[in-house]
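Below is data11.txt, holding compact mmCIF, C-alpha atoms.
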# COMPACT_ATOMS: atom_id res chain seq x y z
CA MET A 32 0.00 0.00 0.00
CA ARG A 33 2.81 2.38 0.93
CA SER A 34 4.66 1.66 -2.30
CA ARG A 35 1.57 2.59 -4.30
CA LEU A 36 1.30 5.89 -2.45
CA ARG A 37 4.93 6.63 -3.19
CA LEU A 38 4.29 5.98 -6.88
CA LEU A 39 1.34 8.36 -6.89
CA ARG A 40 3.42 11.05 -5.22
CA ASP A 41 6.46 10.56 -7.44
CA ARG A 42 6.77 13.63 -9.76
CA SER A 43 10.30 13.18 -10.96
CA GLY A 44 9.24 13.21 -14.66
CA VAL A 45 7.20 16.42 -14.49
CA SER A 46 10.22 18.67 -14.96
CA ILE A 47 11.07 16.91 -18.21
CA ILE A 48 7.56 17.61 -19.54
CA LEU A 49 7.74 21.27 -18.48
CA VAL A 50 11.14 21.69 -20.12
CA ALA A 51 9.85 20.11 -23.32
CA VAL A 52 6.79 22.40 -23.38
CA SER A 53 8.95 25.42 -22.60
CA LEU A 54 11.33 24.58 -25.41
CA VAL A 55 8.43 24.37 -27.85
CA MET A 56 7.11 27.74 -26.69
CA ILE A 57 10.56 29.33 -26.81
CA PHE A 58 11.03 27.99 -30.33
CA ALA A 59 7.61 29.32 -31.37
CA PHE A 60 8.36 32.78 -29.97
CA ALA A 61 11.78 32.77 -31.62
CA VAL A 62 10.18 31.93 -34.96
CA LEU A 63 7.51 34.59 -34.40
CA ALA A 64 10.18 37.17 -33.56
CA LEU A 65 12.06 36.25 -36.74
CA ASP A 66 8.93 36.60 -38.86
CA VAL A 67 7.89 39.89 -37.23
CA GLY A 68 11.37 41.28 -37.82
CA THR A 69 11.24 40.18 -41.44
CA LEU A 70 7.79 41.77 -41.85
CA PHE A 71 8.98 45.11 -40.46
CA VAL A 72 12.12 45.14 -42.59
CA THR A 73 10.19 44.16 -45.71
CA ARG A 74 7.60 46.86 -45.02
CA SER A 75 10.42 49.41 -44.68
CA GLN A 76 12.02 48.22 -47.92
CA LEU A 77 8.71 48.46 -49.78
CA GLN A 78 8.13 51.93 -48.33
CA ASN A 79 11.54 53.09 -49.53
CA ALA A 80 10.75 51.74 -52.99
CA ALA A 81 7.35 53.47 -53.00
CA ASP A 82 8.87 56.78 -51.89
CA ALA A 83 11.56 56.64 -54.56
CA ALA A 84 9.11 55.59 -57.27
CA ALA A 85 6.62 58.35 -56.39
CA LEU A 86 9.35 60.99 -56.54
CA ALA A 87 10.57 59.59 -59.85
CA GLY A 88 7.04 59.67 -61.23
CA ALA A 89 6.59 63.27 -60.10
CA GLN A 90 9.86 64.20 -61.78
CA GLY A 91 8.69 62.39 -64.90
CA MET A 92 5.52 64.48 -64.99
CA ILE A 93 7.58 67.67 -64.75
CA GLU A 94 10.23 66.68 -67.29
CA SER A 95 7.62 65.48 -69.81
CA LEU A 96 5.32 68.46 -69.22
CA GLY A 97 2.46 66.33 -68.02
CA ASP A 98 2.87 63.05 -69.92
CA SER A 99 1.41 60.52 -67.48
CA ALA A 100 2.81 57.57 -69.47
CA THR A 101 6.33 58.89 -68.91
CA ALA A 102 5.63 59.34 -65.20
CA VAL A 103 4.36 55.77 -64.90
CA ASP A 104 7.40 54.41 -66.74
CA TRP A 105 9.81 56.34 -64.53
CA ALA A 106 8.03 55.18 -61.37
CA MET A 107 8.05 51.52 -62.45
CA THR A 108 11.73 51.70 -63.41
CA LEU A 109 12.89 53.18 -60.11
CA ALA A 110 10.72 50.83 -58.07
CA GLY A 111 12.48 47.94 -59.81
CA GLU A 112 15.86 49.31 -58.79
CA ASN A 113 14.93 48.66 -55.15
CA GLU A 114 14.90 45.25 -53.49
CA ALA A 115 12.77 43.74 -50.73
CA PHE A 116 12.72 40.42 -48.89
CA LEU A 117 10.81 37.49 -50.27
CA GLY A 118 11.14 35.71 -46.92
CA VAL A 119 13.19 32.93 -45.38
CA GLU A 120 14.23 30.24 -47.81
CA GLU A 121 15.45 26.91 -46.49
CA GLY A 122 19.22 26.89 -46.26
CA SER A 123 19.63 30.33 -47.87
CA GLY A 124 18.40 32.84 -45.29
CA ASN A 125 16.36 35.85 -46.38
CA ALA A 126 16.04 35.96 -50.16
CA ARG A 127 15.66 39.33 -51.92
CA ALA A 128 14.16 40.36 -55.22
CA SER A 129 13.46 43.57 -57.10
CA VAL A 130 10.24 45.40 -56.27
CA ALA A 131 8.05 44.93 -59.33
CA ILE A 132 4.99 47.12 -59.88
CA THR A 133 2.58 47.51 -62.79
CA GLU A 134 0.85 50.46 -64.42
CA GLU A 135 -2.16 49.83 -62.16
CA ASP A 136 0.05 50.54 -59.14
CA VAL A 137 0.68 54.12 -60.30
CA THR A 138 -2.31 56.47 -60.06
CA PHE A 139 -3.04 60.19 -60.09
CA PRO A 140 -5.46 60.84 -57.20
CA GLY A 141 -5.67 64.61 -57.68
CA ASP A 142 -4.24 67.70 -59.32
CA GLY A 143 -0.45 67.60 -59.07
CA LEU A 144 -0.40 64.26 -57.21
CA ILE A 145 1.01 60.85 -58.10
CA ARG A 146 0.56 57.76 -55.92
CA VAL A 147 2.59 54.53 -56.06
CA ASN A 148 1.70 51.20 -54.42
CA THR A 149 4.36 48.55 -53.73
CA HIS A 150 3.68 45.04 -52.49
CA ARG A 151 4.66 41.50 -51.74
CA THR A 152 1.35 39.67 -52.20
CA ALA A 153 -0.05 36.46 -53.60
CA ALA A 154 -2.03 38.47 -56.15
CA SER A 155 1.18 39.91 -57.58
CA GLY A 156 2.93 36.53 -57.48
CA ASP A 157 5.58 37.47 -54.92
CA PRO A 158 4.17 36.98 -51.39
CA LEU A 159 6.41 37.03 -48.34
CA ARG A 160 7.39 33.61 -47.01
CA THR A 161 7.06 33.13 -43.23
CA ILE A 162 7.88 30.32 -40.79
CA PHE A 163 5.39 30.93 -37.97
CA LEU A 164 2.29 30.50 -40.13
CA GLY A 165 3.56 27.10 -41.20
CA VAL A 166 4.22 26.11 -37.57
CA ILE A 167 0.78 27.00 -36.23
CA ASP A 168 -1.02 25.76 -39.33
CA PRO A 169 0.74 22.89 -41.12
CA LEU A 170 -1.83 23.08 -43.91
CA SER A 171 -0.95 26.73 -44.59
CA ASP A 172 1.44 27.59 -47.40
CA GLY A 173 3.24 29.94 -45.00
CA PHE A 174 2.93 33.05 -47.19
CA THR A 175 1.54 36.48 -46.28
CA GLY A 176 1.15 39.86 -47.92
CA VAL A 177 2.92 43.17 -47.20
CA ARG A 178 2.07 46.52 -48.82
CA ALA A 179 3.26 50.13 -48.80
CA ASN A 180 2.36 53.29 -50.69
CA ALA A 181 3.60 56.83 -51.18
CA THR A 182 2.15 60.00 -52.70
CA ALA A 183 4.24 62.79 -54.18
CA SER A 184 3.12 66.23 -55.31
CA TYR A 185 4.53 68.19 -58.20
CA PHE A 186 4.07 71.47 -60.01
CA TYR A 187 5.46 73.06 -63.13
CA ASN A 188 7.82 75.98 -62.82
CA CYS A 189 6.89 77.41 -66.21
CA GLY A 190 3.56 75.71 -66.79
CA SER A 191 0.78 73.76 -65.17
CA SER A 192 -1.97 71.29 -65.92
CA CYS A 193 -5.62 71.26 -64.83
CA MET A 194 -6.16 74.96 -65.51
CA ARG A 195 -9.64 76.44 -65.33
CA PRO A 196 -10.94 78.21 -68.47
CA TRP A 197 -10.54 81.77 -67.23
CA SER A 198 -7.65 84.09 -67.95
CA PRO A 199 -7.39 87.36 -66.00
CA PRO A 200 -4.52 89.81 -66.51
CA ASP A 201 -1.38 89.52 -64.44
CA ARG A 202 -0.93 92.27 -61.88
CA TRP A 203 0.80 95.48 -62.93
CA PHE A 204 1.95 98.63 -61.13
CA ASP A 205 -1.15 100.82 -61.24
CA ALA A 206 0.41 104.27 -60.95
CA ASN A 207 -2.86 106.24 -61.00
CA ASP A 208 -4.88 103.68 -58.97
CA ASN A 209 -7.77 103.54 -61.43
CA ASP A 210 -7.68 99.70 -61.79
CA LEU A 211 -7.20 100.08 -65.56
CA TYR A 212 -4.09 99.23 -67.50
CA ASP A 213 -3.49 102.50 -69.30
CA PRO A 214 0.24 103.19 -69.64
CA GLY A 215 1.29 105.99 -71.97
CA PRO A 216 2.63 109.53 -72.14
CA GLY A 217 -0.02 110.73 -69.73
CA ASN A 218 0.72 107.95 -67.26
CA PRO A 219 4.45 107.20 -67.63
CA ASP A 220 4.88 105.44 -64.28
CA GLU A 221 2.41 102.65 -65.05
CA TYR A 222 4.19 99.48 -66.15
CA TYR A 223 4.19 95.70 -66.13
CA ASP A 224 7.26 93.54 -65.50
CA ALA A 225 7.01 90.65 -67.96
CA ASP A 226 9.85 88.76 -66.25
CA ALA A 227 7.92 88.13 -63.02
CA THR A 228 4.32 88.02 -61.88
CA GLY A 229 3.01 91.14 -60.21
CA TYR A 230 1.51 89.14 -57.36
CA ARG A 231 3.69 88.89 -54.29
CA ILE A 232 3.98 86.39 -51.43
CA PRO A 233 3.02 86.82 -48.64
CA ASP A 234 1.48 90.26 -49.24
CA ASP A 235 -1.19 89.07 -51.70
CA ILE A 236 -2.15 85.82 -49.96
CA GLY A 237 -5.84 86.11 -49.14
CA ALA A 238 -6.43 89.14 -51.37
CA GLN A 239 -10.00 89.21 -52.68
CA VAL A 240 -10.65 89.93 -56.34
CA VAL A 241 -14.09 90.00 -57.95
CA PHE A 242 -13.78 88.98 -61.60
CA LYS A 243 -16.09 89.94 -64.43
CA LEU A 244 -16.05 89.00 -68.09
CA GLY A 245 -13.97 91.40 -70.21
CA ASN A 246 -15.63 93.36 -73.00
CA GLY A 247 -13.00 92.57 -75.64
CA SER A 248 -11.39 96.00 -75.83
CA GLN A 249 -7.68 95.88 -76.59
CA ASP A 250 -7.13 99.52 -75.61
CA GLY A 251 -7.56 99.00 -71.89
CA PHE A 252 -8.93 96.58 -69.35
CA GLY A 253 -9.45 96.34 -65.63
CA ALA A 254 -7.60 94.35 -63.02
CA ASP A 255 -10.80 92.44 -62.29
CA TRP A 256 -11.53 91.44 -65.88
CA TYR A 257 -11.13 87.94 -67.22
CA TYR A 258 -11.59 86.19 -70.54
CA ALA A 259 -13.25 82.82 -71.00
CA VAL A 260 -10.73 80.66 -72.87
CA ASP A 261 -10.51 77.31 -74.65
CA PHE A 262 -7.97 74.51 -74.31
CA PRO A 263 -5.53 73.31 -75.49
CA PRO A 264 -3.40 76.37 -76.36
CA VAL A 265 -3.58 77.26 -80.04
CA ASN A 266 0.15 76.60 -80.42
CA LYS A 267 -0.27 73.03 -79.11
CA GLY A 268 -3.39 71.80 -80.85
CA ASN A 269 -6.93 72.62 -81.86
CA PRO A 270 -8.82 74.45 -79.08
CA ILE A 271 -12.16 72.89 -78.17
CA SER A 272 -14.99 75.38 -77.79
CA GLY A 273 -18.58 75.04 -76.69
CA ALA A 274 -20.64 75.39 -73.54
CA ASP A 275 -20.47 71.72 -72.49
CA GLN A 276 -16.68 71.49 -72.69
CA TYR A 277 -16.27 74.88 -71.00
CA ARG A 278 -18.49 73.76 -68.11
CA GLU A 279 -16.51 70.51 -67.69
CA TRP A 280 -13.24 72.46 -67.52
CA ILE A 281 -14.67 74.49 -64.65
CA GLU A 282 -15.95 71.46 -62.73
CA GLY A 283 -12.65 69.58 -62.63
CA CYS A 284 -9.45 68.44 -64.27
CA VAL A 285 -10.44 67.09 -67.67
CA ASP A 286 -6.97 66.27 -68.99
CA GLU A 287 -4.01 65.91 -66.61
CA ALA A 288 -1.60 65.80 -69.54
CA MET A 289 -2.74 69.13 -71.02
CA VAL A 290 -0.22 71.72 -69.80
CA VAL A 291 -0.36 75.49 -70.22
CA GLU A 292 3.07 77.16 -70.22
CA ILE A 293 4.49 80.65 -70.29
CA GLY A 294 4.34 81.86 -73.89
CA ASP A 295 1.26 79.82 -74.87
CA THR A 296 -1.72 81.51 -76.52
CA LEU A 297 -5.27 80.65 -75.45
CA ARG A 298 -8.25 81.28 -77.71
CA CYS A 299 -11.02 83.37 -76.18
CA GLU A 300 -14.55 82.00 -76.17
CA PRO A 301 -16.78 84.09 -78.45
CA GLY A 302 -19.90 83.82 -76.24
CA ASN A 303 -20.56 85.32 -72.83
CA MET A 304 -20.87 81.86 -71.22
CA VAL A 305 -23.01 83.18 -68.35
CA GLY A 306 -25.10 80.03 -67.98
CA PRO A 307 -22.28 77.47 -68.31
CA THR A 308 -20.12 79.55 -65.95
CA LYS A 309 -22.75 79.49 -63.21
CA GLN A 310 -23.43 75.77 -63.72
CA GLY A 311 -19.74 74.91 -63.61
CA ILE A 312 -19.09 77.02 -60.51
CA ASP A 313 -22.10 75.52 -58.72
CA ALA A 314 -20.76 72.02 -59.45
CA LEU A 315 -17.26 73.03 -58.29
CA ILE A 316 -18.56 74.47 -55.01
CA ALA A 317 -20.62 71.33 -54.42
CA LEU A 318 -17.41 69.29 -54.30
CA ASP A 319 -16.50 71.02 -51.03
CA PRO A 320 -19.44 73.17 -49.88
CA GLY A 321 -18.06 73.77 -46.39
CA ALA A 322 -14.68 75.19 -47.45
CA TYR A 323 -13.84 78.72 -46.28
CA TRP A 324 -10.91 81.11 -46.03
CA ASP A 325 -9.43 81.45 -42.54
CA ALA A 326 -8.00 84.97 -42.48
CA THR A 327 -6.13 84.35 -39.23
CA ALA A 328 -4.40 81.15 -40.36
CA GLN A 329 -4.11 82.46 -43.94
CA GLU A 330 -5.35 79.22 -45.44
CA VAL A 331 -8.39 77.47 -46.88
CA VAL A 332 -10.13 75.26 -44.34
CA SER A 333 -11.52 72.14 -45.95
CA SER A 334 -12.77 68.70 -44.97
CA VAL A 335 -11.45 67.15 -48.19
CA PRO A 336 -8.23 65.12 -47.70
CA GLY A 337 -5.34 66.55 -49.66
CA GLY A 338 -6.87 70.01 -50.04
CA SER A 339 -10.05 71.58 -51.31
CA PRO A 340 -10.91 71.07 -55.01
CA ARG A 341 -12.15 74.66 -54.92
CA ILE A 342 -8.52 75.82 -54.93
CA ILE A 343 -7.92 76.22 -58.66
CA LYS A 344 -5.24 77.42 -61.07
CA LEU A 345 -5.65 80.17 -63.66
CA ALA A 346 -3.43 81.26 -66.55
CA LEU A 347 -2.69 85.00 -66.31
CA PHE A 348 -2.19 86.93 -69.52
CA ASP A 349 0.40 89.62 -70.25
CA PRO A 350 -1.20 93.09 -69.88
CA ASP A 351 1.24 94.53 -72.43
CA LEU A 352 -0.17 92.16 -75.05
CA GLY A 353 -3.83 92.13 -74.06
CA ARG A 354 -6.07 90.39 -76.57
CA VAL A 355 -4.32 89.39 -79.77
CA ASP A 356 -5.65 88.42 -83.19
CA ILE A 357 -5.40 84.70 -83.93
CA THR A 358 -6.89 82.42 -86.54
CA GLY A 359 -10.56 81.96 -85.77
CA GLY A 360 -10.92 84.82 -83.30
CA ASP A 361 -9.06 86.49 -80.45
CA GLY A 362 -6.59 85.10 -77.96
CA VAL A 363 -4.60 85.99 -74.87

Final structure tokens representation of the file:
Amino acid sequence: MRSRLRLLRDRSGVSIILVAVSLVMIFAFAVLALDVGTLFVTRSQLQNAADAAALAGAQGMIESLGDSATAVDWAMTLAGENEAFLGVEEGSGNARASVAITEEDVTFPGDGLIRVNTHRTAASGDPLRTIFLGVIDPLSDGFTGVRANATASYFYNCGSSCMRPWSPPDRWFDANDNDLYDPGPGNPDEYYDADATGYRIPDDIGAQVVFKLGNGSQDGFGADWYYAVDFPPVNKGNPISGADQYREWIEGCVDEAMVVEIGDTLRCEPGNMVGPTKQGIDALIALDPGAYWDATAQEVVSSVPGGSPRIIKLALFDPDLGRVDITGGDGV
């Protein structure tokens, strides 16, 4: 009887079981730590590739004057010059491979923006190999996905895309303060510097200007006049006229690749465009109805990520030239 009790109380083998269980858990945590480290490093590598590709794409847009195909090609090329882990291969450690992206991974989410997605996923045929997933689930293939993205902004020093179809005069030195450009013998101090815009930063940030359609006079015009214009510039193609196209140009960016540069000539719309102008502006305001100018912060307050679509770009014309005669009408 006593010998049986001693057998029941004998725990000499328990420590072996605990050690075995502990070793399994230590091994599992070690594998998990290895996989987590690989995931973080791979994510960082993909982020570096995305950052570099987005900057390359932005540079491509600038160098090509808005050719999105060039931007996509530059982004894909530079992404491929970066490497990221494929995961742990048996007997070879962490294998690396170039970061491959496709045209679908390069997008243009807004005016002056280019976005690049990089990845190691099953869908793209290059998922990241892990060890831990295979340990906890022997039926799993042990692969997982990792993604990163980057967005770069760009602008043209001597030109820009996504212009709206209005062209007011650039600012000049108004010597007699009558808001009309009327230089001449009777007003010798009035002038315009064609080498630089008359608007100044920060003095003119937040300045309010009420524009009205110009009357077509070439002898003088006001600082608050504008001309309704067609795109593309006459020196780059055949301008498209008409109320429907004009309204679409007001509502949003119709053609990212269409760039207006210094020295271009824009054809003036022959009609007054009152109706299409109101319709286009109403649609533009509806994209961000709550936006407003904060005079204290000197900025537009908007709930739209990336900036309000109501912030637009206009091509200013040279006051010294005014309206000029072109084939099919007038231009600025």

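Between atom CA of Met304 of chain A and atom CA of Lys267 of chain A lies a distance of 23.8 Å.
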
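Minimum atom-to-atom distance to Ala83 of chain A, evaluated using all atoms listed in the file, belongs to A:Ala106 out of A:Ile145, A:Leu352, A:Ala106, A:Ile343.
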
Checklist entry - Do you know which residues are at most 12 Å from Gln329 of chain A counting all atoms listed in the file, after dropping those on the same chain fewer than 4 positions away, and could you put them as an NGL selection string? => result :A and (232-238 or 323-325)

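You will find atom CA of Ala314 of chain A at 17.5 Å from atom CA of Ala259 of chain A.
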
Distance table requested - segment 219-332 of chain A against segment 86-100 of chain A, cut-off 10 Å, all atoms listed in the file: one row per qualifying residue with the closest atom pair and its distance in Å to one decimal, ordered by chain and rising residue number, as CSV.
residue,atom,partner,partner_atom,distance
A:Asp286,CA,A:Gly97,CA,9.5
A:Glu287,CA,A:Gly97,CA,6.6
A:Ala288,CA,A:Gly97,CA,4.4
A:Met289,CA,A:Gly97,CA,6.6
A:Val290,CA,A:Gly97,CA,6.3
A:Val291,CA,A:Leu96,CA,9.1
A:Glu292,CA,A:Leu96,CA,9.0

Checklist entry - Which one is closest to Pro264 of chain A: A:Ala179, A:Ala115, A:Val363, A:Ile281? Count only C-alpha atoms. => result A:Val363

Next on the checklist: For a test of reading the model, state the distance in Å between atom CA of Gly362 of chain A and atom CA of Gly283 of chain A, rounded to one decimal.
Outcome noted: 22.6 Å

Checklist entry - Which is closer to Ser155 of chain A than all the others in A:Glu135, A:Asp104, A:Asp255, A:Asp142, using all atoms listed in the file? => result A:Glu135

Item to check | Protein, DNA and RNA residues within 12 Å of (-1.2, 104.3, -57.5), only C-alpha atoms, as a count of residues only | outcome: 15

May I have a table of the residues of segment 190-209 of chain A lying at most 12 Å from segment 331-342 of chain A, giving each one's closest pair of atoms and their distance in Å to one decimal, counting all atoms listed in the file, ordered by chain and ascending residue number, as a tab-separated table?
residue	atom	partner	partner_atom	distance
A:Cys193	CA	A:Pro340	CA	11.2
A:Met194	CA	A:Ile342	CA	10.9
A:Arg195	CA	A:Ile342	CA	10.5

Next on the checklist: If we count only C-alpha atoms and set the cut-off at 10 Å, which residues sit around Val137 of chain A, ignoring sequence neighbours fewer than 5 positions away in its own chain? Please answer as an MDAnalysis selection string.
Outcome noted: chainID A and resid 81 84:85 88 99 102:104 106:107 132 145:149 180:182

Item to check | segment 294-299 of chain A environment, 10 Å, all atoms listed in the file, sequence neighbours closer than 3 positions dropped, as number ranges by chain | outcome: A: 189-190, 196-198, 247, 258-267, 269-272, 290-291, 302, 346, 348-349, 354-363
